[in-house]
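Okay, input-v2.pdb is below, PDB, C-alpha atoms and all ligand atoms:
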ATOM      1  CA  MET A   1     -15.472  -6.926  47.283
ATOM      2  CA  THR A   2     -16.387  -5.286  50.585
ATOM      3  CA  ASN A   3     -20.158  -5.444  50.007
ATOM      4  CA  THR A   4     -21.479  -8.929  49.350
ATOM      5  CA  THR A   5     -24.971  -8.488  47.876
ATOM      6  CA  PHE A   6     -25.503  -8.834  44.122
ATOM      7  CA  LEU A   7     -28.114  -6.486  42.653
ATOM      8  CA  VAL A   8     -29.929  -7.700  39.527
ATOM      9  CA  LEU A   9     -31.989  -5.024  37.770
ATOM     10  CA  GLY A  10     -34.585  -6.312  35.322
ATOM     11  CA  GLY A  11     -34.809  -9.266  37.697
ATOM     12  CA  THR A  12     -38.211 -10.338  36.315
ATOM     13  CA  GLY A  13     -36.988 -10.264  32.698
ATOM     14  CA  LYS A  14     -35.608 -12.878  30.337
ATOM     15  CA  THR A  15     -31.966 -12.290  31.217
ATOM     16  CA  GLY A  16     -32.270 -10.869  34.744
ATOM     17  CA  SER A  17     -34.301 -13.820  36.042
ATOM     18  CA  ARG A  18     -31.629 -16.233  34.772
ATOM     19  CA  VAL A  19     -28.800 -14.179  36.259
ATOM     20  CA  ALA A  20     -30.556 -13.949  39.654
ATOM     21  CA  SER A  21     -31.314 -17.675  39.863
ATOM     22  CA  ARG A  22     -27.749 -18.635  38.913
ATOM     23  CA  LEU A  23     -26.330 -16.327  41.580
ATOM     24  CA  GLN A  24     -28.727 -17.794  44.154
ATOM     25  CA  GLN A  25     -27.738 -21.335  43.188
ATOM     26  CA  LEU A  26     -24.108 -20.369  43.762
ATOM     27  CA  GLY A  27     -25.062 -19.347  47.294
ATOM     28  CA  HIS A  28     -24.764 -15.581  46.856
ATOM     29  CA  GLN A  29     -26.995 -12.996  48.448
ATOM     30  CA  VAL A  30     -29.125 -11.597  45.613
ATOM     31  CA  ARG A  31     -31.480  -8.639  45.320
ATOM     32  CA  ALA A  32     -33.549  -8.852  42.128
ATOM     33  CA  ALA A  33     -35.378  -5.612  41.410
ATOM     34  CA  SER A  34     -37.758  -4.113  38.867
ATOM     35  CA  ARG A  35     -41.071  -2.250  38.794
ATOM     36  CA  SER A  36     -43.096  -5.410  39.440
ATOM     37  CA  GLY A  37     -40.479  -7.403  41.379
ATOM     38  CA  THR A  38     -40.448  -8.074  45.120
ATOM     39  CA  THR A  39     -37.850  -5.322  45.481
ATOM     40  CA  ARG A  40     -39.191  -2.278  43.669
ATOM     41  CA  PHE A  41     -36.899  -0.390  41.302
ATOM     42  CA  ASP A  42     -38.071   2.019  38.622
ATOM     43  CA  TRP A  43     -35.674   3.822  36.296
ATOM     44  CA  GLN A  44     -38.261   6.621  36.173
ATOM     45  CA  ASP A  45     -38.525   7.039  39.945
ATOM     46  CA  GLU A  46     -35.226   8.085  41.529
ATOM     47  CA  ASN A  47     -36.673   7.527  45.014
ATOM     48  CA  THR A  48     -36.379   3.790  44.347
ATOM     49  CA  TRP A  49     -32.676   3.894  43.452
ATOM     50  CA  GLU A  50     -30.801   4.370  46.729
ATOM     51  CA  PRO A  51     -32.636   1.676  48.771
ATOM     52  CA  VAL A  52     -31.713  -1.115  46.314
ATOM     53  CA  LEU A  53     -27.999  -0.271  46.599
ATOM     54  CA  ASP A  54     -27.646  -1.032  50.306
ATOM     55  CA  GLY A  55     -24.784  -3.522  50.814
ATOM     56  CA  VAL A  56     -24.338  -4.126  47.067
ATOM     57  CA  GLY A  57     -20.879  -5.018  45.730
ATOM     58  CA  ALA A  58     -21.770  -5.759  42.095
ATOM     59  CA  ALA A  59     -24.809  -5.079  39.904
ATOM     60  CA  TYR A  60     -26.317  -6.327  36.642
ATOM     61  CA  LEU A  61     -27.993  -3.525  34.709
ATOM     62  CA  VAL A  62     -30.772  -3.739  32.110
ATOM     63  CA  ASP A  63     -31.618  -0.196  31.072
ATOM     64  CA  SER A  64     -35.136   1.159  30.538
ATOM     65  CA  GLN A  65     -34.990   1.247  26.716
ATOM     66  CA  LEU A  66     -36.593   4.702  26.973
ATOM     67  CA  ALA A  67     -35.173   7.674  25.067
ATOM     68  CA  ASP A  68     -33.415   8.987  28.193
ATOM     69  CA  ALA A  69     -32.096   5.563  29.278
ATOM     70  CA  ALA A  70     -28.437   6.602  29.211
ATOM     71  CA  THR A  71     -29.033   9.651  31.425
ATOM     72  CA  SER A  72     -30.597   7.403  34.060
ATOM     73  CA  VAL A  73     -27.832   4.820  33.729
ATOM     74  CA  ALA A  74     -25.195   7.547  34.163
ATOM     75  CA  ALA A  75     -26.836   8.957  37.294
ATOM     76  CA  PHE A  76     -27.543   5.527  38.780
ATOM     77  CA  SER A  77     -24.019   4.236  38.060
ATOM     78  CA  LYS A  78     -22.431   7.238  39.770
ATOM     79  CA  LEU A  79     -24.756   6.786  42.752
ATOM     80  CA  ALA A  80     -23.847   3.094  42.845
ATOM     81  CA  ALA A  81     -20.114   3.874  42.848
ATOM     82  CA  SER A  82     -20.595   6.376  45.685
ATOM     83  CA  ARG A  83     -22.436   3.693  47.720
ATOM     84  CA  GLY A  84     -19.617   1.161  47.443
ATOM     85  CA  VAL A  85     -20.609  -0.802  44.336
ATOM     86  CA  GLU A  86     -17.343  -1.955  42.782
ATOM     87  CA  ARG A  87     -18.510  -3.690  39.610
ATOM     88  CA  LEU A  88     -21.223  -3.081  36.986
ATOM     89  CA  VAL A  89     -22.246  -5.443  34.183
ATOM     90  CA  LEU A  90     -24.457  -3.858  31.504
ATOM     91  CA  LEU A  91     -26.761  -5.732  29.140
ATOM     92  CA  SER A  92     -26.289  -3.703  25.983
ATOM     93  CA  ALA A  93     -26.665  -4.621  22.308
ATOM     94  CA  ARG A  94     -24.527  -4.841  19.215
ATOM     95  CA  ASP A  95     -23.608  -1.523  17.627
ATOM     96  CA  TRP A  96     -25.946  -2.182  14.701
ATOM     97  CA  VAL A  97     -28.981  -1.171  16.794
ATOM     98  CA  VAL A  98     -27.960   2.474  16.660
ATOM     99  CA  PRO A  99     -29.303   4.395  13.660
ATOM    100  CA  ASP A 100     -26.568   6.054  11.615
ATOM    101  CA  GLY A 101     -25.397   9.373  12.971
ATOM    102  CA  GLU A 102     -26.456   8.826  16.585
ATOM    103  CA  GLU A 103     -23.970   8.366  19.363
ATOM    104  CA  LYS A 104     -23.258   4.667  19.757
ATOM    105  CA  LEU A 105     -25.088   3.067  22.664
ATOM    106  CA  PRO A 106     -24.694   5.891  25.202
ATOM    107  CA  SER A 107     -25.582   3.637  28.167
ATOM    108  CA  GLU A 108     -22.267   1.882  27.556
ATOM    109  CA  ARG A 109     -20.363   5.132  27.943
ATOM    110  CA  ALA A 110     -22.305   5.915  31.125
ATOM    111  CA  VAL A 111     -21.168   2.644  32.683
ATOM    112  CA  ARG A 112     -17.584   2.999  31.445
ATOM    113  CA  GLU A 113     -17.396   6.442  33.058
ATOM    114  CA  SER A 114     -18.990   5.391  36.359
ATOM    115  CA  GLY A 115     -15.712   4.879  38.198
ATOM    116  CA  THR A 116     -16.449   1.205  38.901
ATOM    117  CA  GLU A 117     -15.109  -1.897  37.173
ATOM    118  CA  TRP A 118     -17.378  -2.571  34.193
ATOM    119  CA  THR A 119     -18.176  -5.288  31.678
ATOM    120  CA  LEU A 120     -20.385  -4.820  28.604
ATOM    121  CA  LEU A 121     -22.522  -7.630  27.161
ATOM    122  CA  LYS A 122     -23.438  -7.177  23.486
ATOM    123  CA  PRO A 123     -25.801  -9.997  22.497
ATOM    124  CA  ALA A 124     -27.329 -10.971  19.156
ATOM    125  CA  TRP A 125     -31.075 -11.687  18.885
ATOM    126  CA  PHE A 126     -32.088 -14.015  21.699
ATOM    127  CA  SER A 127     -33.084 -17.576  20.696
ATOM    128  CA  GLN A 128     -35.558 -17.470  23.597
ATOM    129  CA  ASN A 129     -37.583 -14.706  21.930
ATOM    130  CA  PHE A 130     -39.390 -17.584  20.171
ATOM    131  CA  SER A 131     -40.465 -19.172  23.459
ATOM    132  CA  GLU A 132     -40.530 -16.373  26.053
ATOM    133  CA  ASP A 133     -41.686 -13.305  24.118
ATOM    134  CA  PRO A 134     -45.487 -13.489  23.793
ATOM    135  CA  TYR A 135     -45.540 -12.027  20.268
ATOM    136  CA  PHE A 136     -42.974 -14.383  18.707
ATOM    137  CA  ARG A 137     -44.208 -17.398  20.662
ATOM    138  CA  GLY A 138     -47.715 -16.573  19.410
ATOM    139  CA  GLU A 139     -46.539 -16.871  15.811
ATOM    140  CA  ILE A 140     -44.957 -20.264  16.519
ATOM    141  CA  LEU A 141     -48.228 -21.419  18.129
ATOM    142  CA  ASP A 142     -50.167 -20.129  15.093
ATOM    143  CA  GLY A 143     -47.909 -22.166  12.800
ATOM    144  CA  GLU A 144     -46.628 -19.291  10.668
ATOM    145  CA  VAL A 145     -43.842 -16.769  11.187
ATOM    146  CA  VAL A 146     -44.340 -13.642   9.085
ATOM    147  CA  MET A 147     -41.420 -11.211   8.984
ATOM    148  CA  SER A 148     -39.810  -8.657   6.703
ATOM    149  CA  THR A 149     -36.479 -10.393   7.251
ATOM    150  CA  GLY A 150     -36.156 -11.850   3.732
ATOM    151  CA  ALA A 151     -33.317 -14.361   3.468
ATOM    152  CA  GLY A 152     -31.153 -12.364   5.910
ATOM    153  CA  LEU A 153     -29.003 -14.105   8.477
ATOM    154  CA  GLU A 154     -28.615 -13.631  12.229
ATOM    155  CA  PRO A 155     -26.367 -15.431  14.781
ATOM    156  CA  PHE A 156     -29.082 -16.032  17.458
ATOM    157  CA  VAL A 157     -27.641 -16.370  20.975
ATOM    158  CA  ASP A 158     -28.921 -18.581  23.781
ATOM    159  CA  LEU A 159     -29.911 -16.721  26.953
ATOM    160  CA  ASP A 160     -28.336 -19.394  29.124
ATOM    161  CA  ASP A 161     -25.013 -18.378  27.559
ATOM    162  CA  VAL A 162     -25.753 -14.676  28.128
ATOM    163  CA  ALA A 163     -26.599 -15.358  31.784
ATOM    164  CA  ASP A 164     -23.498 -17.524  32.280
ATOM    165  CA  VAL A 165     -21.315 -14.713  30.954
ATOM    166  CA  ALA A 166     -23.096 -12.154  33.152
ATOM    167  CA  VAL A 167     -22.525 -14.293  36.255
ATOM    168  CA  ALA A 168     -18.871 -14.847  35.353
ATOM    169  CA  ALA A 169     -18.401 -11.091  34.963
ATOM    170  CA  LEU A 170     -20.219 -10.336  38.241
ATOM    171  CA  THR A 171     -18.413 -12.937  40.340
ATOM    172  CA  GLY A 172     -15.148 -13.814  38.594
ATOM    173  CA  THR A 173     -11.886 -12.156  37.699
ATOM    174  CA  GLY A 174     -10.463 -11.024  34.379
ATOM    175  CA  HIS A 175     -13.666  -9.519  32.955
ATOM    176  CA  ALA A 176     -13.203  -5.876  34.005
ATOM    177  CA  GLY A 177     -12.919  -3.427  31.108
ATOM    178  CA  ARG A 178     -14.080  -6.059  28.614
ATOM    179  CA  SER A 179     -16.803  -5.897  26.029
ATOM    180  CA  TYR A 180     -18.228  -9.267  24.994
ATOM    181  CA  THR A 181     -20.083  -9.738  21.702
ATOM    182  CA  LEU A 182     -22.359 -12.703  22.396
ATOM    183  CA  THR A 183     -23.680 -14.794  19.510
ATOM    184  CA  GLY A 184     -24.498 -18.391  18.817
ATOM    185  CA  PRO A 185     -22.085 -20.615  16.874
ATOM    186  CA  ARG A 186     -23.692 -20.088  13.428
ATOM    187  CA  LEU A 187     -25.744 -17.762  11.269
ATOM    188  CA  LEU A 188     -29.369 -18.709  10.662
ATOM    189  CA  SER A 189     -32.045 -17.344   8.340
ATOM    190  CA  LEU A 190     -35.583 -17.145   9.695
ATOM    191  CA  GLU A 191     -36.365 -20.095   7.441
ATOM    192  CA  ASP A 192     -33.607 -22.033   9.252
ATOM    193  CA  VAL A 193     -35.032 -20.986  12.641
ATOM    194  CA  VAL A 194     -38.538 -22.096  11.749
ATOM    195  CA  GLY A 195     -37.129 -25.331  10.280
ATOM    196  CA  GLU A 196     -35.318 -26.114  13.542
ATOM    197  CA  ILE A 197     -38.457 -25.456  15.599
ATOM    198  CA  SER A 198     -40.583 -27.544  13.195
ATOM    199  CA  ARG A 199     -38.134 -30.448  13.453
ATOM    200  CA  ALA A 200     -37.960 -30.183  17.252
ATOM    201  CA  THR A 201     -41.735 -30.013  17.722
ATOM    202  CA  GLY A 202     -42.794 -32.299  14.875
ATOM    203  CA  ARG A 203     -45.175 -29.518  13.815
ATOM    204  CA  ASP A 204     -45.470 -27.974  10.368
ATOM    205  CA  ILE A 205     -44.550 -24.319  10.923
ATOM    206  CA  GLY A 206     -44.037 -21.998   7.957
ATOM    207  CA  TYR A 207     -41.933 -18.892   7.357
ATOM    208  CA  ARG A 208     -43.446 -16.221   5.079
ATOM    209  CA  PRO A 209     -41.036 -13.426   4.120
ATOM    210  CA  VAL A 210     -42.917 -10.210   3.323
ATOM    211  CA  THR A 211     -42.151  -6.584   2.485
ATOM    212  CA  PRO A 212     -42.171  -4.037   5.340
ATOM    213  CA  GLU A 213     -45.498  -2.689   4.019
ATOM    214  CA  GLU A 214     -47.027  -6.173   3.940
ATOM    215  CA  PHE A 215     -45.734  -6.789   7.448
ATOM    216  CA  ALA A 216     -47.309  -3.541   8.700
ATOM    217  CA  ALA A 217     -50.696  -4.597   7.267
ATOM    218  CA  TYR A 218     -50.369  -8.132   8.696
ATOM    219  CA  ALA A 219     -49.428  -6.821  12.150
ATOM    220  CA  ALA A 220     -52.180  -4.165  12.157
ATOM    221  CA  ALA A 221     -54.731  -6.916  11.507
ATOM    222  CA  ARG A 222     -53.380  -8.670  14.612
ATOM    223  CA  ASP A 223     -53.752  -5.483  16.708
ATOM    224  CA  VAL A 224     -50.011  -5.037  17.189
ATOM    225  CA  PRO A 225     -49.427  -1.423  18.335
ATOM    226  CA  GLU A 226     -48.108   0.851  15.575
ATOM    227  CA  ASP A 227     -44.878   1.843  17.337
ATOM    228  CA  TYR A 228     -44.023  -1.822  17.974
ATOM    229  CA  VAL A 229     -44.676  -2.612  14.291
ATOM    230  CA  ALA A 230     -42.261   0.182  13.326
ATOM    231  CA  LEU A 231     -39.616  -1.175  15.719
ATOM    232  CA  LEU A 232     -40.037  -4.713  14.390
ATOM    233  CA  ASN A 233     -39.771  -3.531  10.782
ATOM    234  CA  LEU A 234     -36.567  -1.677  11.685
ATOM    235  CA  LEU A 235     -35.033  -4.726  13.398
ATOM    236  CA  TYR A 236     -36.247  -7.106  10.673
ATOM    237  CA  GLY A 237     -34.811  -4.774   8.022
ATOM    238  CA  TRP A 238     -31.376  -4.981   9.621
ATOM    239  CA  ILE A 239     -31.535  -8.766   9.450
ATOM    240  CA  ALA A 240     -32.795  -8.594   5.837
ATOM    241  CA  GLU A 241     -29.797  -6.497   4.843
ATOM    242  CA  ASN A 242     -27.371  -8.784   6.681
ATOM    243  CA  ARG A 243     -26.058  -5.984   8.861
ATOM    244  CA  PHE A 244     -24.374  -8.284  11.308
ATOM    245  CA  LEU A 245     -22.799 -11.373   9.823
ATOM    246  CA  GLU A 246     -19.961 -11.676  12.306
ATOM    247  CA  LEU A 247     -19.914 -14.421  14.895
ATOM    248  CA  GLY A 248     -18.885 -13.010  18.271
ATOM    249  CA  ASP A 249     -16.311 -14.685  20.498
ATOM    250  CA  GLY A 250     -17.625 -13.361  23.829
ATOM    251  CA  VAL A 251     -18.889 -16.707  25.134
ATOM    252  CA  GLN A 252     -15.561 -18.352  24.307
ATOM    253  CA  ARG A 253     -13.508 -15.506  25.812
ATOM    254  CA  ALA A 254     -15.556 -15.216  28.994
ATOM    255  CA  LEU A 255     -16.294 -18.893  29.645
ATOM    256  CA  GLY A 256     -13.678 -20.851  27.686
ATOM    257  CA  ARG A 257     -16.347 -22.945  25.962
ATOM    258  CA  GLU A 258     -18.425 -22.859  22.777
ATOM    259  CA  PRO A 259     -21.890 -21.248  22.706
ATOM    260  CA  ARG A 260     -25.025 -23.375  22.544
ATOM    261  CA  ASP A 261     -26.498 -24.076  19.110
ATOM    262  CA  PHE A 262     -30.049 -23.055  18.179
ATOM    263  CA  ALA A 263     -30.936 -26.694  17.469
ATOM    264  CA  ASP A 264     -30.136 -27.618  21.104
ATOM    265  CA  TYR A 265     -32.312 -24.764  22.327
ATOM    266  CA  ALA A 266     -35.159 -25.829  20.024
ATOM    267  CA  ARG A 267     -34.982 -29.476  21.159
ATOM    268  CA  ALA A 268     -34.901 -28.616  24.875
ATOM    269  CA  THR A 269     -37.642 -26.011  24.552
ATOM    270  CA  ALA A 270     -39.932 -28.291  22.539
ATOM    271  CA  GLY A 271     -39.678 -30.744  25.439
ATOM    272  CA  THR A 272     -41.198 -28.186  27.831
ATOM    273  CA  GLY A 273     -44.449 -28.048  25.833
ATOM    274  CA  VAL A 274     -44.466 -24.247  25.361
ATOM    275  CA  TRP A 275     -44.833 -24.711  21.589
ATOM    276  CA  ASN A 276     -47.676 -27.238  21.782
ATOM    277  CA  ALA A 277     -50.484 -25.739  19.703
TER     278      ALA A 277
HETATM  279  N1  LIG B 301     -34.617  -9.487  22.760
HETATM  280  C1  LIG B 301     -33.507  -9.548  22.065
HETATM  281  O1  LIG B 301     -33.367 -10.349  21.126
HETATM  282  C2  LIG B 301     -32.362  -8.634  22.417
HETATM  283  C3  LIG B 301     -31.168  -8.754  21.708
HETATM  284  C4  LIG B 301     -30.090  -7.935  22.060
HETATM  285  C5  LIG B 301     -30.210  -7.041  23.106
HETATM  286  N2  LIG B 301     -31.372  -6.950  23.786
HETATM  287  C6  LIG B 301     -31.456  -5.991  24.895
HETATM  288  O2  LIG B 301     -31.924  -6.669  26.056
HETATM  289  C7  LIG B 301     -32.614  -5.752  26.896
HETATM  290  C8  LIG B 301     -33.927  -6.382  27.307
HETATM  291  O3  LIG B 301     -33.589  -7.451  28.207
HETATM  292  P1  LIG B 301     -34.546  -8.617  28.585
HETATM  293  O4  LIG B 301     -34.708  -9.540  27.465
HETATM  294  O5  LIG B 301     -34.188  -9.155  29.918
HETATM  295  O6  LIG B 301     -35.926  -7.834  28.590
HETATM  296  P2  LIG B 301     -37.207  -8.242  29.271
HETATM  297  O7  LIG B 301     -37.324  -9.715  29.370
HETATM  298  O8  LIG B 301     -38.338  -7.501  28.617
HETATM  299  O9  LIG B 301     -36.951  -7.621  30.681
HETATM  300  C9  LIG B 301     -36.865  -6.252  30.927
HETATM  301  C10 LIG B 301     -36.751  -6.087  32.441
HETATM  302  O10 LIG B 301     -36.628  -4.698  32.737
HETATM  303  C11 LIG B 301     -37.632  -4.339  33.681
HETATM  304  N3  LIG B 301     -38.005  -2.974  33.377
HETATM  305  C12 LIG B 301     -38.596  -2.506  32.254
HETATM  306  N4  LIG B 301     -38.788  -1.177  32.372
HETATM  307  C13 LIG B 301     -38.312  -0.808  33.581
HETATM  308  C14 LIG B 301     -38.234   0.422  34.299
HETATM  309  N5  LIG B 301     -38.705   1.577  33.798
HETATM  310  N6  LIG B 301     -37.656   0.437  35.535
HETATM  311  C15 LIG B 301     -37.191  -0.712  36.076
HETATM  312  N7  LIG B 301     -37.241  -1.912  35.461
HETATM  313  C16 LIG B 301     -37.798  -1.955  34.237
HETATM  314  C17 LIG B 301     -38.747  -5.348  33.507
HETATM  315  O11 LIG B 301     -39.436  -5.627  34.713
HETATM  316  P3  LIG B 301     -40.731  -4.817  35.218
HETATM  317  O12 LIG B 301     -41.693  -4.812  34.095
HETATM  318  O13 LIG B 301     -41.139  -5.589  36.411
HETATM  319  O14 LIG B 301     -40.215  -3.452  35.567
HETATM  320  C18 LIG B 301     -37.949  -6.611  33.189
HETATM  321  O15 LIG B 301     -37.499  -7.243  34.377
HETATM  322  C19 LIG B 301     -32.763  -4.486  26.112
HETATM  323  O16 LIG B 301     -31.811  -3.566  26.559
HETATM  324  C20 LIG B 301     -32.471  -4.903  24.664
HETATM  325  O17 LIG B 301     -31.896  -3.857  23.898
HETATM  326  C21 LIG B 301     -32.455  -7.721  23.457
END

Is it possible to express this structure as structure tokens?
Ligand SMILES: NC(=O)c1ccc[n+]([C@@H]2O[C@H](COP(=O)([O-])OP(=O)(O)OC[C@H]3O[C@@H](n4cnc5c(N)ncnc54)[C@H](OP(=O)(O)O)[C@@H]3O)[C@@H](O)[C@H]2O)c1
Amino acid sequence: MTNTTFLVLGGTGKTGSRVASRLQQLGHQVRAASRSGTTRFDWQDENTWEPVLDGVGAAYLVDSQLADAATSVAAFSKLAASRGVERLVLLSARDWVVPDGEEKLPSERAVRESGTEWTLLKPAWFSQNFSEDPYFRGEILDGEVVMSTGAGLEPFVDLDDVADVAVAALTGTGHAGRSYTLTGPRLLSLEDVVGEISRATGRDIGYRPVTPEEFAAYAAARDVPEDYVALLNLLYGWIAENRFLELGDGVQRALGREPRDFADYARATAGTGVWNA
């Protein structure tokens, strides 16, 4: 690549922070950017776009998750290509997140049509939601996980694997034009998840499956905003109905090794003390 700086959007987030620190450890020049980061980037303020692209050869993109996210990604990706960016890696999601009838994950198309090399990352639910997302971590600290997920299964993926794949795609060869479905090595129910965290912490944490209506009432009593409750019920419902029972092979294809198991994540995370009540 002619330009040598790596741009990491969402650099303060769960995946972006890992991608940026790995790139730094490898000795690369890194620009991590977001609304609250040291380098300011806001998907909703186009004035912040061009400055972050100076000298950038490859970029990691986390879109805004707003309704017009794909429009911004399309415009930004074209701008990036015109400024000499040769490679884009997009954090996307599995196709199950798109309600029936809508175009599938339009940010992916925006990146594919940018004119740069591209790689798409399509992860399962992150294992680290239970330690790094304040809402889910709060439930673990309270000792009870309440979800409308029933006995549904999900192949939780470790964010260290997601970040390793992102870095391989940003810096290595053979990843252009590839779409990687990133999951852990096995399917887990929420009861399994809570069991693993209980074992790792030595604490007695329960899982209470509820109906979507019961979940809405439970969450309202905890002052969870209504639109977030609706989103959670949607995502939980997809787990409950076992929408995605396939194990992805993205970690194996990109890195030539197996993904990390949830039990390893739970053990290592328990050791940090973040789940000490
Ligand atoms: N959580 C899961 O289990 C899961 C599973 C599959 C896929 N995903 C996908 O992962 C993505 C979320 O990634 P993540 O876990 O890294 O999220 P995260 O930890 O919440 O980070 C989001 C990042 O984006 C930045 N950001 C938010 N709005 C922005 C804006 N308008 N302009 C510029 N930067 C903005 C945030 O920083 P500032 O606040 O500083 O701007 C932050 O650095 C989503 O696309 C989601 O669909 C999540």

Expanded to explicit residues, what is the PyMOL selection byres (((chain A and resi 118) around 6) and not hetatm) for this file, as a PDB file with C-alpha atoms, in the coordinates of the input?
ATOM      1  CA  ARG A  87     -18.510  -3.690  39.610  1.00  0.00           C
ATOM      2  CA  LEU A  88     -21.223  -3.081  36.986  1.00  0.00           C
ATOM      3  CA  VAL A  89     -22.246  -5.443  34.183  1.00  0.00           C
ATOM      4  CA  GLU A 117     -15.109  -1.897  37.173  1.00  0.00           C
ATOM      5  CA  THR A 119     -18.176  -5.288  31.678  1.00  0.00           C
ATOM      6  CA  ALA A 176     -13.203  -5.876  34.005  1.00  0.00           C
ATOM      7  CA  GLY A 177     -12.919  -3.427  31.108  1.00  0.00           C
TER       8      GLY A 177
END

**Study point:** Cut-off 6 Å, all atoms listed in the file, neighbours of ligand LIG 301 (chain B) as a list of chain:residue names
**Key:**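 Those residues are A:Gly10, A:Gly11, A:Thr12, A:Gly13, A:Lys14, A:Thr15, A:Gly16, A:Ser34, A:Arg35, A:Ser36, A:Gly37, A:Phe41, A:Asp42, A:Trp43, A:Gln44, A:Val62, A:Asp63, A:Ser64, A:Gln65, A:Ser92, A:Ala93, A:Pro123, A:Ala124, A:Trp125, A:Phe126.
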
Check your understanding: Which residues, written as a PyMOL selection string, have at least one atom at most 12 Å from A:Val224, with only C-alpha atoms counted and residues fewer than 4 positions away on the same chain left out?
Key -> chain A and resi 134-136+138+215-220+228-232

**Study point:** Contacts of A:Gly152 within 10 Å, only C-alpha atoms, excl. fewer than 3 positions in-chain, as a VMD selection string
**Key:** chain A and resid 148 to 149 187 to 191 236 to 245

Practice item. Determine, counting all atoms listed in the file, which protein, DNA and RNA residues have an atom within 9 Å of an atom of A:Ala166; residues of the same chain fewer than 3 positions away are not included. Present the result as a PyMOL selection string. Key: chain A and resi 19+60+89-91+119+121+161-163+169-171

Exercise for review: State, in Å with one decimal place, the distance from atom CA of A:Val30 to atom CA of A:Leu9.
Suggested key: 10.6 Å

Exercise for review: Quick one: pull the distance between atom CA of A:Val146 and atom CA of A:Ala270, Å, one decimal.
Suggested key: 20.4 Å

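Closest approach to A:Leu23 among A:Val210, A:Ile205, A:Val165, A:Ala70: A:Val165, based on only C-alpha atoms.
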
Check your understanding: the PyMOL selection byres (((chain A and resi 71) around 12) and not hetatm) on the file shown: which residues, as a list of chain:residue names?
Key ->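 For this structure, the PyMOL selection byres (((chain A and resi 71) around 12) and not hetatm) resolves to A:Trp43, A:Gln44, A:Glu46, A:Asp63, A:Ser64, A:Gln65, A:Leu66, A:Ala67, A:Asp68, A:Ala69, A:Ala70, A:Ser72, A:Val73, A:Ala74, A:Ala75, A:Phe76, A:Ser77, A:Lys78, A:Leu105, A:Pro106, A:Ser107, A:Glu108, A:Arg109, A:Ala110, A:Val111, A:Ser114.
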
Review point. What's the 10 Å shell around A:Thr269, counting only C-alpha atoms, without same-chain residues fewer than 3 positions away, as a ChimeraX atom specification?
Key: /A:128,130-131,197,200-201,263-266,272-275

**Study point:** Exercise: A:Thr4 partners within 7 Å, only C-alpha atoms, chain neighbours under 3 positions left out, as an MDAnalysis selection string
**Key:** chainID A and resid 1 29 55:57

Review point. With only C-alpha atoms as the basis for distance, which of A:Gly143, A:Gly184, A:Gly206, A:Gly195 is at the shortest distance from A:Asp261?
Key: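 Counting only C-alpha atoms, the residue closest to A:Asp261 is A:Gly184.
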
Exercise for review: Could you tell me which of A:Ala151, A:Leu26, A:Ser21, A:Phe6 comes closest to A:Asp54 if we count all atoms listed in the file?
Suggested key: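 Among the listed residues, A:Phe6 lies closest to A:Asp54.
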
Study note, to complete from the structure: If you count all atoms listed in the file, the residue of A:Leu235, A:Ala254, A:Leu120, A:Leu247 closest to A:Pro185 turns out to be A:Leu247

**Study point:** Computed interatomic separation between atom CA of A:Trp96 and atom CA of A:Glu144 (Å)
**Key:**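 Calculated distance between atom CA of A:Trp96 and atom CA of A:Glu144 is 27.1 Å.
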
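Among the candidates A:Asp142, A:Asp204, A:Asp164, A:Glu86, the residue lying nearest to A:Leu255 is A:Asp164 (atoms considered: all atoms listed in the file).
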
Review point. Taking into account only C-alpha atoms, which residue in the set A:Tyr207, A:Phe262, A:Trp49, A:Tyr180 is nearest to A:Leu159?
Key: A:Phe262

Taking every listed atom of stretch 211-221 of chain A and adding 5 Å to each side, what centre and edge lengths in Å (one decimal) does the axis-aligned box have, as JSON?
{"center_x": -48.4, "center_y": -5.4, "center_z": 7.3, "size_x": 22.6, "size_y": 15.4, "size_z": 19.7}
